[in-house]
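K.L.:
One structure, as structure tokens, below. Some questions next.
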Amino acid sequence: MSALKKTEAVSALYEFEDIQLTEKMFAKFAKHMYDLAGVDLPFSPKNHALIRNRIVKLLRRHGLKSYEQYWDMVEHGNHEITSEFISALTTNMTSFYREGNHFDFLAQQLPELYKKFGADIRMWCAAASTGQEPYTIAMTAHEVMQQIPGMKARLLATDIDLQVLKKGSIGAYEDREMQGLPPAQRLKYFEKVKKNETEYWRAKDNIHDMVRFAQFNLMSPKYEFQHKFHVIFCRNVLIYFDEETTKKVIDSLTSCLAPGGYLILGHSESGNIKHTHLKPLSRAVYQKL
């Protein structure tokens, strides 16, 4: 890039950075995100900066001059605009084997679930993000399945954000995205591929085929699944909900669990979870009574 073009690009960036997000517009964006996804963003300097910094990128993308113009697009937009808005304001922090004690617990319990429920073990990762968590669940289950040949584990991986779901369904990650995955597991369950001069690690069929990715909104009034799940992971998403929304989601998740099945939340989410049909077992792990 020439010095002139670089200067012009920097000037254009500063033009967008100077656009002000009023408290009124902040409230509209925050309420819309709450209505769509249950994400609670009360007004604060931190949340104001979050919404401003993420939506300003969309202003640049669409060549808009104000947040009001983008709000008009959101208010009257199509499914693609809604998906773009949700993706911009959704925080997708994930890694392989994050909060690893939960996968140790899963490995210990899968043989018992096999004895209790039979060969077909159904699991659900309800906040799949870019796929590292569901593939970790799949790897954990695959290790157990090698010891119990008759067992078949299936995993539904869902998220509200279509963009991260697409990445997860492909199952291809750069080196920096493989954080937390031990070298032996990397070689056993991923293969090196090259596309457009960039190298990726792609999930092999032995775990890729265990996972089905689909969009699902935890704010849905009804969770309608054909069968109950034996294990549900819903980690590090309740922290973005208010108390009322958290209670509704926990009620709905519990209704999808088979009695004796397990609900696994994020470490930071377990403190205030109380439900008549859930028995706490260990940190952020519950069993349905």
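Chains: A, B, ... in order of the structure tokens. Residues: from 1 per chain. Ligands: from 1, in order shown.
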Would you give me, as a PyMOL selection string, the residues in region 226-268 of chain A that DSSP reads as alpha helix (DSSP H)?

P.N.:
chain A and resi 243-255

K.L.:
Kindly assemble as a tab-separated table a list of the region 73-161 of chain A residues that lie within 10 Å of region 225-228 of chain A, each paired with its nearest atom pair and their distance in Å to one decimal, using only C-alpha atoms, sorted first by chain and then by ascending residue number.

P.N.:
```
residue	atom	partner	partner_atom	distance
A:Arg122	CA	A:Lys228	CA	7.7
A:Met123	CA	A:Lys228	CA	9.0
A:Trp124	CA	A:Lys228	CA	9.8
```

K.L.:
Could the residues of region 79-143 of chain A that have an atom at most 9 Å from region 32-49 of chain A be listed as a Markdown table, each with its closest atom pair and the distance in Å to one decimal, counting only C-alpha atoms and ordered by chain and ascending residue number?

P.N.:
```
| residue | atom | partner | partner_atom | distance |
| --- | --- | --- | --- | --- |
| A:Thr82 | CA | A:Leu36 | CA | 8.9 |
| A:Phe85 | CA | A:Met33 | CA | 8.3 |
| A:Ile86 | CA | A:Met33 | CA | 7.0 |
| A:Leu89 | CA | A:Met33 | CA | 7.7 |
| A:Thr90 | CA | A:Val39 | CA | 8.4 |
```

K.L.:
Could you give me, as an NGL selection string, the residues within 12 Å of Asn92 (chain A), counting only C-alpha atoms and dropping anything in the same chain fewer than 4 positions from it?

P.N.:
:A and (86-88 or 127-133 or 159-165 or 168 or 235-237 or 240)
